[in-house]
$ cat start06.txt   # compact mmCIF, C-alpha atoms
# COMPACT_ATOMS: atom_id res chain seq x y z
CA MET M 1 -119.81 -27.71 59.08
CA THR M 2 -119.25 -30.35 56.40
CA HIS M 3 -118.01 -28.99 53.09
CA PRO M 4 -120.69 -29.63 50.43
CA TRP M 5 -118.33 -30.32 47.47
CA PRO M 6 -117.80 -34.08 48.05
CA ARG M 7 -121.56 -34.58 48.28
CA ILE M 8 -122.16 -32.55 45.10
CA ARG M 9 -119.45 -34.52 43.30
CA HIS M 10 -120.96 -37.84 44.34
CA ALA M 11 -124.44 -36.74 43.32
CA GLY M 12 -123.11 -35.54 39.95
CA THR M 13 -121.30 -38.83 39.35
CA ALA M 14 -124.44 -40.78 40.25
CA LEU M 15 -126.51 -38.69 37.84
CA LEU M 16 -123.97 -39.23 35.07
CA LEU M 17 -124.01 -42.96 35.69
CA VAL M 18 -127.79 -43.06 35.62
CA LEU M 19 -127.92 -41.08 32.39
CA THR M 20 -125.21 -43.18 30.78
CA ALA M 21 -127.00 -46.36 31.80
CA CYS M 22 -130.09 -45.18 29.94
CA ARG M 23 -128.20 -44.91 26.68
CA THR M 24 -127.84 -47.52 23.96
CA ILE M 25 -125.18 -47.05 21.33
CA THR M 26 -125.30 -49.18 18.21
CA VAL M 27 -122.45 -49.22 15.70
CA GLU M 28 -122.74 -51.11 12.43
CA PRO M 29 -120.79 -52.94 11.28
CA GLN M 30 -118.98 -53.71 14.51
CA GLY M 31 -115.23 -53.62 13.99
CA ASP M 32 -112.58 -55.69 15.67
CA ALA M 33 -110.90 -54.34 18.75
CA LEU M 34 -108.63 -51.37 18.10
CA PRO M 35 -105.01 -52.46 17.71
CA ALA M 36 -102.63 -51.49 20.50
CA LEU M 37 -99.83 -49.96 18.47
CA PRO M 38 -96.58 -48.84 20.15
CA GLU M 39 -96.13 -45.09 19.68
CA ALA M 40 -93.11 -45.58 17.44
CA LYS M 41 -95.14 -47.69 15.00
CA ARG M 42 -98.11 -45.38 14.65
CA PRO M 43 -98.41 -43.79 11.21
CA ALA M 44 -99.19 -40.14 10.55
CA LEU M 45 -102.58 -39.34 9.10
CA ASP M 46 -103.98 -36.49 7.02
CA PHE M 47 -107.70 -36.13 6.86
CA ALA M 48 -110.38 -34.14 5.08
CA LEU M 49 -113.83 -33.60 6.56
CA HIS M 50 -117.17 -33.07 4.83
CA VAL M 51 -120.26 -32.92 7.01
CA THR M 52 -123.95 -32.88 6.18
CA GLU M 53 -126.78 -32.56 8.67
CA ASP M 54 -129.47 -34.88 7.39
CA PRO M 55 -132.83 -35.30 9.17
CA GLN M 56 -133.55 -38.34 6.98
CA LEU M 57 -131.10 -40.33 9.07
CA TRP M 58 -133.73 -40.15 11.80
CA ASP M 59 -136.74 -40.61 9.54
CA PRO M 60 -136.28 -41.34 5.82
CA GLY M 61 -139.86 -40.13 5.33
CA LEU M 62 -138.93 -36.56 6.20
CA THR M 63 -138.52 -35.58 2.57
CA HIS M 64 -139.64 -32.01 3.25
CA LEU M 65 -136.57 -31.43 5.42
CA ARG M 66 -133.54 -31.26 3.23
CA ALA M 67 -129.99 -32.12 4.18
CA GLU M 68 -127.75 -29.13 4.89
CA VAL M 69 -124.04 -29.04 4.11
CA VAL M 70 -122.11 -27.84 7.16
CA ASP M 71 -119.72 -25.20 5.84
CA GLY M 72 -117.42 -22.33 6.70
CA GLU M 73 -116.94 -21.59 10.38
CA ASP M 74 -119.52 -24.24 11.33
CA LEU M 75 -117.32 -26.88 9.70
CA ALA M 76 -114.20 -25.36 11.27
CA ASP M 77 -115.86 -25.77 14.67
CA LEU M 78 -116.37 -29.50 14.01
CA VAL M 79 -112.83 -30.26 12.85
CA PRO M 80 -111.30 -30.37 16.38
CA THR M 81 -114.02 -32.83 17.48
CA PHE M 82 -113.25 -35.24 14.66
CA ARG M 83 -109.51 -34.78 15.06
CA ALA M 84 -109.89 -35.59 18.77
CA ALA M 85 -111.92 -38.71 17.94
CA LEU M 86 -109.19 -39.91 15.57
CA GLU M 87 -106.50 -39.10 18.15
CA ALA M 88 -108.38 -40.99 20.85
CA THR M 89 -108.05 -44.21 18.86
CA ASN M 90 -104.30 -44.10 19.70
CA ALA M 91 -103.64 -45.48 16.25
CA PHE M 92 -101.88 -42.47 14.69
CA SER M 93 -98.78 -40.49 15.56
CA THR M 94 -99.86 -37.12 14.17
CA ILE M 95 -103.17 -36.08 12.70
CA ARG M 96 -103.73 -32.98 10.61
CA ARG M 97 -106.40 -31.65 8.29
CA ALA M 98 -104.88 -31.62 4.81
CA PRO M 99 -105.75 -32.61 1.24
CA THR M 100 -104.55 -35.83 -0.30
CA GLY M 101 -100.79 -35.71 -0.71
CA GLN M 102 -97.74 -37.72 0.17
CA ARG M 103 -99.03 -39.16 3.43
CA ARG M 104 -101.69 -41.66 4.45
CA HIS M 105 -104.99 -39.85 3.95
CA CYS M 106 -108.55 -40.32 5.12
CA ASP M 107 -111.41 -38.52 3.41
CA LEU M 108 -114.28 -38.44 5.90
CA SER M 109 -117.78 -37.77 4.57
CA VAL M 110 -120.12 -37.61 7.52
CA ARG M 111 -123.90 -37.43 7.62
CA MET M 112 -125.18 -36.69 11.09
CA TYR M 113 -128.30 -35.68 12.92
CA HIS M 114 -129.22 -34.99 16.52
CA MET M 115 -132.89 -35.39 17.27
CA THR M 116 -133.65 -33.53 20.45
CA PRO M 117 -137.13 -32.98 21.85
CA GLU M 118 -138.76 -29.57 21.76
CA GLY M 119 -137.23 -27.28 24.35
CA LEU M 120 -140.60 -25.78 25.29
CA GLY M 121 -141.93 -29.13 26.48
CA LEU M 122 -138.83 -29.64 28.60
CA VAL M 123 -139.20 -26.22 30.16
CA ILE M 124 -142.92 -26.64 30.90
CA THR M 125 -142.42 -30.00 32.58
CA ALA M 126 -139.05 -29.03 34.12
CA GLY M 127 -137.66 -32.18 32.53
CA LEU M 128 -140.07 -34.35 34.52
CA TRP M 129 -141.55 -35.88 31.37
CA PRO M 130 -139.22 -38.64 30.15
CA HIS M 131 -138.11 -38.38 26.53
CA VAL M 132 -135.73 -40.06 24.12
CA GLU M 133 -132.89 -38.32 22.31
CA HIS M 134 -131.42 -39.81 19.16
CA GLU M 135 -128.01 -39.19 17.66
CA TYR M 136 -126.98 -40.53 14.27
CA TYR M 137 -123.68 -40.68 12.43
CA GLU M 138 -122.94 -42.19 9.05
CA VAL M 139 -119.24 -42.07 8.29
CA ILE M 140 -117.97 -42.88 4.80
CA ALA M 141 -114.19 -42.92 4.98
CA ILE M 142 -111.94 -43.28 1.95
CA MET M 143 -108.45 -44.37 2.96
CA SER M 144 -105.67 -43.69 0.50
CA ALA M 145 -101.90 -43.59 0.43
CA PRO M 146 -99.28 -43.27 -2.30
CA GLY M 147 -98.90 -46.64 -3.98
CA HIS M 148 -102.12 -48.08 -2.51
CA ALA M 149 -105.53 -48.42 -4.13
CA PRO M 150 -108.06 -46.35 -2.14
CA GLN M 151 -110.50 -48.26 0.01
CA THR M 152 -113.91 -47.13 1.26
CA TYR M 153 -115.41 -47.89 4.67
CA THR M 154 -118.94 -47.13 5.81
CA VAL M 155 -119.82 -47.13 9.49
CA ARG M 156 -123.08 -46.06 11.10
CA GLY M 157 -123.50 -45.11 14.72
CA HIS M 158 -126.76 -44.49 16.53
CA ALA M 159 -127.34 -43.55 20.14
CA GLU M 160 -130.69 -43.63 21.85
CA THR M 161 -130.86 -42.08 25.28
CA LEU M 162 -133.81 -42.14 27.61
CA LEU M 163 -133.78 -38.95 29.57
CA TRP M 164 -135.66 -38.16 32.70
CA SER M 165 -133.81 -35.19 33.90
CA PRO M 166 -135.46 -33.18 36.63
CA LEU M 167 -133.25 -30.32 37.73
CA ILE M 168 -130.23 -31.42 35.70
CA PRO M 169 -128.73 -28.55 33.71
CA ILE M 170 -129.60 -29.12 30.07
CA GLY M 171 -125.98 -28.50 29.04
CA LEU M 172 -124.86 -31.44 31.18
CA VAL M 173 -127.56 -33.65 29.68
CA GLN M 174 -126.50 -32.71 26.15
CA TRP M 175 -122.86 -33.38 26.96
CA VAL M 176 -123.63 -36.82 28.32
CA VAL M 177 -125.96 -37.71 25.48
CA GLN M 178 -123.66 -36.55 22.74
CA SER M 179 -120.39 -38.00 23.96
CA GLY M 180 -119.33 -41.46 23.03
CA THR M 181 -121.33 -42.18 19.90
CA LEU M 182 -118.98 -40.45 17.49
CA GLN M 183 -115.98 -41.99 19.24
CA GLN M 184 -117.35 -45.51 18.94
CA THR M 185 -118.20 -44.93 15.27
CA ILE M 186 -114.69 -43.69 14.52
CA ASP M 187 -113.20 -46.54 16.58
CA ALA M 188 -115.10 -49.07 14.47
CA PHE M 189 -113.86 -47.52 11.22
CA VAL M 190 -110.23 -47.34 12.39
CA ALA M 191 -110.36 -50.94 13.61
CA ARG M 192 -111.52 -52.10 10.17
CA ALA M 193 -108.88 -50.00 8.43
CA ALA M 194 -106.25 -51.49 10.75
CA ALA M 195 -107.46 -55.02 9.97
CA ASP M 196 -106.95 -54.25 6.27
CA GLY M 197 -103.38 -53.16 6.92
CA TRP M 198 -103.79 -49.40 6.59
CA LEU M 199 -101.87 -48.71 9.79
CA ARG M 200 -98.77 -50.63 8.80
CA GLY M 201 -95.76 -48.43 8.21
CA MET L 1 -138.90 3.82 44.41
CA VAL L 2 -137.23 1.25 42.12
CA SER L 3 -135.36 -1.45 44.00
CA PRO L 4 -131.60 -1.66 43.36
CA ARG L 5 -131.99 -5.18 41.94
CA ILE L 6 -134.54 -4.10 39.35
CA ALA L 7 -132.40 -1.08 38.50
CA LEU L 8 -129.37 -3.33 37.98
CA GLY L 9 -131.42 -5.68 35.78
CA LEU L 10 -132.69 -2.77 33.71
CA LEU L 11 -129.19 -1.38 33.38
CA ILE L 12 -127.89 -4.73 32.10
CA VAL L 13 -130.70 -5.16 29.58
CA LEU L 14 -130.59 -1.57 28.36
CA SER L 15 -126.84 -1.61 27.98
CA GLY L 16 -127.02 -4.79 25.88
CA CYS L 17 -125.74 -3.78 22.48
CA THR L 18 -123.01 -4.39 19.95
CA THR L 19 -121.13 -1.60 18.23
CA TYR L 20 -118.71 -1.92 15.32
CA GLU L 21 -115.65 0.00 14.37
CA LEU L 22 -114.70 -0.54 10.73
CA THR L 23 -111.36 0.37 9.23
CA MET L 24 -111.39 0.19 5.45
CA ILE L 25 -108.30 -0.41 3.35
CA PRO L 26 -108.05 1.50 1.05
CA PRO L 27 -110.32 4.31 2.27
CA ALA L 28 -113.43 4.59 0.12
CA PRO L 29 -114.58 7.54 -1.98
CA ALA L 30 -118.07 8.84 -1.23
CA LEU L 31 -120.94 7.21 -3.09
CA GLN L 32 -122.94 9.78 -5.04
CA PRO L 33 -126.73 9.44 -5.36
CA ARG L 34 -127.83 8.06 -8.75
CA PRO L 35 -131.20 8.94 -10.31
CA PRO L 36 -133.39 5.84 -10.72
CA ALA L 37 -133.58 6.27 -14.51
CA THR L 38 -129.82 5.94 -14.90
CA ARG L 39 -129.32 2.89 -12.71
CA PRO L 40 -128.02 -0.25 -14.46
CA ASP L 41 -129.04 -3.85 -13.77
CA LEU L 42 -126.46 -5.96 -11.97
CA THR L 43 -125.87 -9.66 -11.58
CA ILE L 44 -123.56 -10.97 -8.88
CA ALA L 45 -121.83 -14.24 -8.12
CA VAL L 46 -120.56 -14.77 -4.58
CA GLN L 47 -117.87 -17.19 -3.49
CA SER L 48 -117.13 -17.05 0.21
CA THR L 49 -114.53 -18.79 2.37
CA TYR L 50 -113.84 -18.82 6.10
CA ALA L 51 -110.27 -18.53 7.31
CA PRO L 52 -109.50 -18.83 11.03
CA TYR L 53 -108.19 -15.65 12.64
CA GLY L 54 -104.82 -15.80 14.37
CA ASP L 55 -101.77 -13.60 14.91
CA GLU L 56 -103.85 -10.60 13.85
CA ASP L 57 -104.36 -12.01 10.37
CA LEU L 58 -106.29 -14.64 8.47
CA GLN L 59 -104.70 -18.09 8.44
CA LEU L 60 -104.59 -18.90 4.75
CA GLY L 61 -103.34 -22.45 5.24
CA ASP L 62 -106.61 -23.57 6.82
CA LEU L 63 -109.57 -22.59 4.65
CA TYR L 64 -113.22 -23.63 4.83
CA PRO L 65 -115.42 -22.81 1.81
CA ARG L 66 -118.89 -21.56 2.63
CA ASN L 67 -120.67 -23.84 0.18
CA GLY L 68 -123.75 -24.73 2.21
CA ARG L 69 -126.13 -22.85 4.48
CA LEU L 70 -123.61 -20.14 5.36
CA GLY L 71 -122.77 -19.70 1.68
CA ARG L 72 -126.43 -19.05 0.85
CA MET L 73 -126.63 -16.57 3.71
CA GLU L 74 -123.56 -14.73 2.41
CA GLN L 75 -125.05 -14.56 -1.07
CA ASN L 76 -128.28 -13.05 0.27
CA ARG L 77 -126.35 -10.66 2.49
CA TYR L 78 -124.33 -9.24 -0.42
CA GLN L 79 -127.31 -9.14 -2.74
CA GLU L 80 -129.04 -6.96 -0.15
CA ALA L 81 -125.88 -4.90 0.36
CA PHE L 82 -125.61 -4.11 -3.38
CA ALA L 83 -129.32 -3.24 -3.50
CA ALA L 84 -128.93 -0.99 -0.45
CA THR L 85 -126.45 1.23 -2.30
CA GLN L 86 -129.39 2.42 -4.45
CA GLN L 87 -127.12 2.49 -7.49
CA PHE L 88 -128.74 -0.39 -9.40
CA ARG L 89 -132.17 -0.90 -10.93
CA SER L 90 -132.06 -4.58 -9.99
CA VAL L 91 -129.58 -6.91 -8.32
CA ALA L 92 -129.85 -10.60 -9.15
CA VAL L 93 -127.68 -13.63 -8.53
CA GLY L 94 -126.40 -14.96 -11.83
CA ASP L 95 -123.50 -15.69 -14.11
CA ALA L 96 -121.68 -13.18 -16.26
CA GLY L 97 -123.85 -12.30 -19.21
CA ASN L 98 -125.51 -9.32 -20.76
CA PRO L 99 -125.87 -6.93 -17.86
CA LEU L 100 -123.16 -5.59 -15.66
CA HIS L 101 -121.71 -8.43 -13.60
CA CYS L 102 -119.70 -8.54 -10.39
CA ARG L 103 -117.93 -11.68 -9.25
CA LEU L 104 -117.23 -11.36 -5.56
CA VAL L 105 -114.65 -13.52 -3.81
CA ILE L 106 -114.86 -13.15 -0.04
CA LEU L 107 -112.40 -14.28 2.57
CA SER L 108 -113.23 -13.60 6.19
CA GLY L 109 -112.60 -14.78 9.69
CA ARG L 110 -112.95 -13.58 13.25
CA GLU L 111 -111.21 -14.30 16.49
CA PRO L 112 -112.99 -15.83 19.49
CA PRO L 113 -114.41 -13.18 21.82
CA THR L 114 -112.09 -11.94 24.54
CA ASN L 115 -113.20 -11.57 28.18
CA ARG L 116 -115.97 -14.17 27.81
CA LEU L 117 -115.57 -15.50 31.33
CA LEU L 118 -115.48 -12.05 32.87
CA ALA L 119 -118.44 -10.93 30.76
CA GLY L 120 -120.41 -14.00 31.81
CA LEU L 121 -119.60 -13.53 35.49
CA THR L 122 -120.69 -9.91 35.36
CA PHE L 123 -123.82 -10.66 33.28
CA GLY L 124 -122.44 -8.65 30.41
CA LEU L 125 -121.47 -5.52 32.29
CA VAL L 126 -117.89 -6.04 31.15
CA PRO L 127 -117.82 -5.81 27.34
CA THR L 128 -116.32 -8.43 25.04
CA TYR L 129 -114.31 -7.52 21.97
CA ARG L 130 -113.86 -9.44 18.74
CA ARG L 131 -111.67 -8.61 15.80
CA GLU L 132 -112.59 -9.67 12.32
CA ILE L 133 -111.10 -9.34 8.86
CA LEU L 134 -113.25 -9.25 5.75
CA ARG L 135 -111.58 -9.20 2.34
CA LEU L 136 -113.51 -8.58 -0.85
CA ASP L 137 -112.00 -9.23 -4.26
CA ALA L 138 -114.37 -8.11 -6.96
CA THR L 139 -114.09 -8.66 -10.70
CA VAL L 140 -116.45 -6.43 -12.64
CA SER L 141 -117.32 -7.22 -16.24
CA ALA L 142 -119.74 -6.15 -18.93
CA PRO L 143 -120.05 -7.01 -22.63
CA GLY L 144 -117.51 -5.10 -24.68
CA ARG L 145 -115.37 -3.98 -21.75
CA VAL L 146 -112.14 -5.27 -20.30
CA PRO L 147 -112.89 -6.67 -16.79
CA ALA L 148 -111.53 -4.73 -13.82
CA SER L 149 -110.61 -5.95 -10.37
CA TYR L 150 -111.05 -4.23 -7.03
CA ALA L 151 -109.82 -5.34 -3.63
CA ILE L 152 -111.10 -3.98 -0.34
CA GLU L 153 -110.28 -5.10 3.16
CA GLY L 154 -112.28 -4.28 6.24
CA ARG L 155 -110.93 -4.67 9.77
CA ILE L 156 -113.80 -4.80 12.20
CA LEU L 157 -113.70 -4.47 15.95
CA SER L 158 -116.97 -5.53 17.58
CA ARG L 159 -117.74 -4.47 21.14
CA THR L 160 -120.58 -6.38 22.76
CA GLN L 161 -122.05 -5.45 26.09
CA GLY L 162 -124.95 -7.05 27.87
CA PRO L 163 -126.28 -10.57 28.33
CA GLY L 164 -126.17 -12.90 25.36
CA ASP L 165 -124.03 -15.48 23.66
CA THR L 166 -121.02 -13.65 22.27
CA SER L 167 -119.83 -16.75 20.43
CA GLN L 168 -122.67 -16.40 17.94
CA PRO L 169 -122.02 -15.04 14.43
CA ARG L 170 -122.24 -11.28 14.01
CA PHE L 171 -125.86 -10.24 13.68
CA SER L 172 -125.44 -6.91 11.95
CA ASN L 173 -124.77 -6.62 8.22
CA VAL L 174 -123.58 -3.02 8.52
CA PRO L 175 -119.87 -3.78 7.85
CA GLU L 176 -120.77 -5.75 4.71
CA GLN L 177 -122.97 -2.89 3.53
CA GLN L 178 -120.24 -0.32 4.12
CA LEU L 179 -117.63 -2.40 2.29
CA THR L 180 -120.00 -3.04 -0.61
CA ALA L 181 -120.82 0.66 -0.80
CA ALA L 182 -117.09 1.40 -0.95
CA LEU L 183 -116.66 -1.13 -3.74
CA VAL L 184 -119.57 0.31 -5.70
CA ALA L 185 -118.17 3.83 -5.25
CA ARG L 186 -114.93 2.72 -6.91
CA MET L 187 -116.87 0.99 -9.68
CA ALA L 188 -118.86 4.19 -10.21
CA ALA L 189 -115.72 6.31 -10.31
CA ASP L 190 -114.41 4.08 -13.12
CA GLY L 191 -117.64 4.47 -15.11
CA TRP L 192 -118.97 0.94 -14.62
CA LEU L 193 -122.37 2.18 -13.55
CA ASP L 194 -122.96 4.40 -16.57
CA ARG L 195 -125.51 2.62 -18.69
CA GLU L 196 -124.64 1.48 -22.20
CA GLU L 197 -126.78 4.10 -23.93
CA ALA L 198 -125.14 6.86 -21.89
CA ARG L 199 -121.58 5.81 -22.68
$ encode --input "start06.txt" --output "structure tokens"
Amino acid sequence: MTHPWPRIRHAGTALLLVLTACRTITVEPQGDALPALPEAKRPALDFALHVTEDPQLWDPGLTHLRAEVVDGEDLADLVPTFRAALEATNAFSTIRRAPTGQRRHCDLSVRMYHMTPEGLGLVITAGLWPHVEHEYYEVIAIMSAPGHAPQTYTVRGHAETLLWSPLIPIGLVQWVVQSGTLQQTIDAFVARAAADGWLRG
Amino acid sequence: MVSPRIALGLLIVLSGCTTYELTMIPPAPALQPRPPATRPDLTIAVQSTYAPYGDEDLQLGDLYPRNGRLGRMEQNRYQEAFAATQQFRSVAVGDAGNPLHCRLVILSGREPPTNRLLAGLTFGLVPTYRREILRLDATVSAPGRVPASYAIEGRILSRTQGPGDTSQPRFSNVPEQQLTAALVARMAADGWLDREEAR
């Protein structure tokens, strides 16, 4: 009997590819390519994170839905995600959450919103009805360092994913949809900061 | 005759519950009933912060203020907890002023649940445990009196059994109510709840 794992793996990869192909990520403004810094030349970075969930990123007319500050343990849960996104740029030697001090510092104010369709509709149609998921990030980053005037960068990322997901576990769909957009947004900001000389020792 | 599968399902659902074991430091005096006519008005201000739990203590170098949705929830939770002591005529959120005022500074954090994988694989038949620390620092003030401070720490062990997402925040407010009752008992013992005309 043939072992089913290789077939399952191939089917899973194909599904991921299909889902990824149905996704459009837009980042504005587009940055240059990320610099390839040798490890020895990468600076350390401290960062602070402030996050707001704001439905008006999806529809500015939604004035009845107010923005919510993400706080406490909810914010603590997001910190590793943002730290990982900064680490994945391969532009910094060490990254830690800390207030402005003696090191290069980045104050990240993030507005974000994930627009997902109603779960009930998905359940009723078993995912057979195609739908579009939207993911928005607006990152306002203030770079500062001792002896340098602070500089502000604004980057917006938006992902639009067409989903037609019969029989795909919803967790897998969410993972595919929500990976990549934040990374590309952070990449664009770091590339601009690098172009302005913020990564020079 | 009930089939074994249905019986197992019923057992899992019926056993689904969370219990709490609260250790209070210092131990609290008993709260005496207070006749409605002698209850004072109270205003409270709540400032709450999350500290990650590690090495059996709160990690004070990594703090996250609850200044948004969770902060509002904490404020409501403690307003209800003070009201539930049945020692006050009214409990309102406000600044220090004419009535009795309590400024509450809260620091709390909880560890991730243990046994999550095992609990998931057994559909909750194996319980998960979570430890949590809740520190209350209260400053009580009233016109014409020197403010007093009270500190209470609660160490909570939650035991959850049954299906459900154990990573979710604690649903029950019982530990907060018990800690608040302990705080109010100490305030009462120091005469803070005696109304102006009675003093």
$ interface_residues --input "start06.txt" --of "chain M" --to "chain L" --cutoff "8 Å" --atoms "only C-alpha atoms" --output "list in words"
Glu68, Val69, Val70, Asp71, Gly72, Glu73, Leu75 and Ala76 of chain M
$ atom_distance --input "start06.txt" --atom1 "atom CA of L:Asp55" --atom2 "atom CA of L:Arg131"
11.1 Å
$ atom_distance --input "start06.txt" --atom1 "atom CA of L:Met24" --atom2 "atom CA of L:Asp190"
19.2 Å
$ atom_distance --input "start06.txt" --atom1 "atom CA of M:Val132" --atom2 "atom CA of M:Thr63"
22.2 Å
$ residues_around --input "start06.txt" --residues "L:Ala188" --least-positions-apart "5" --cutoff "9 Å" --atoms "all atoms listed in the file" --output "VMD selection string"
chain L and resid 31 to 32 87 183 193 to 194
$ residues_around --input "start06.txt" --residues "stretch 193-196 of chain M" --least-positions-apart "2" --cutoff "10 Å" --atoms "all atoms listed in the file" --output "MDAnalysis selection string"
chainID M and resid 31:35 91 141:143 151:153 187:191 198:200
$ residues_near_point --input "start06.txt" --point "(-108.1, -34.9, 11.9)" --cutoff "6 Å" --atoms "only C-alpha atoms" --output "list of chain:residue names"
M:Phe47, M:Phe82, M:Arg83, M:Ile95, M:Arg96, M:Arg97
$ decode --input "start06.txt" --residues "stretch 75-102 of chain L" --atoms "C-alpha atoms" --output "PDB file, in the first residue's frame"
ATOM      1  CA  GLN L  75     -12.557  49.297  35.089  1.00  0.00           C
ATOM      2  CA  ASN L  76     -16.035  47.776  34.730  1.00  0.00           C
ATOM      3  CA  ARG L  77     -14.909  44.570  36.428  1.00  0.00           C
ATOM      4  CA  TYR L  78     -13.646  46.404  39.523  1.00  0.00           C
ATOM      5  CA  GLN L  79     -16.603  48.756  39.624  1.00  0.00           C
ATOM      6  CA  GLU L  80     -18.828  45.673  39.790  1.00  0.00           C
ATOM      7  CA  ALA L  81     -16.530  44.037  42.345  1.00  0.00           C
ATOM      8  CA  PHE L  82     -16.741  47.053  44.694  1.00  0.00           C
ATOM      9  CA  ALA L  83     -20.529  47.174  44.265  1.00  0.00           C
ATOM     10  CA  ALA L  84     -20.766  43.439  44.982  1.00  0.00           C
ATOM     11  CA  THR L  85     -19.289  43.929  48.453  1.00  0.00           C
ATOM     12  CA  GLN L  86     -22.566  45.657  49.414  1.00  0.00           C
ATOM     13  CA  GLN L  87     -20.617  48.148  51.522  1.00  0.00           C
ATOM     14  CA  PHE L  88     -21.262  51.243  49.376  1.00  0.00           C
ATOM     15  CA  ARG L  89     -24.392  53.180  48.477  1.00  0.00           C
ATOM     16  CA  SER L  90     -22.995  53.858  45.012  1.00  0.00           C
ATOM     17  CA  VAL L  91     -19.784  53.086  43.153  1.00  0.00           C
ATOM     18  CA  ALA L  92     -18.837  55.400  40.306  1.00  0.00           C
ATOM     19  CA  VAL L  93     -15.733  55.896  38.200  1.00  0.00           C
ATOM     20  CA  GLY L  94     -14.260  59.306  38.911  1.00  0.00           C
ATOM     21  CA  ASP L  95     -11.409  61.381  40.224  1.00  0.00           C
ATOM     22  CA  ALA L  96     -10.666  62.079  43.852  1.00  0.00           C
ATOM     23  CA  GLY L  97     -13.153  64.595  45.148  1.00  0.00           C
ATOM     24  CA  ASN L  98     -15.808  64.912  47.770  1.00  0.00           C
ATOM     25  CA  PRO L  99     -16.803  61.331  48.428  1.00  0.00           C
ATOM     26  CA  LEU L 100     -14.592  58.505  49.504  1.00  0.00           C
ATOM     27  CA  HIS L 101     -12.154  57.699  46.704  1.00  0.00           C
ATOM     28  CA  CYS L 102     -10.064  54.646  45.897  1.00  0.00           C
TER      29      CYS L 102
END
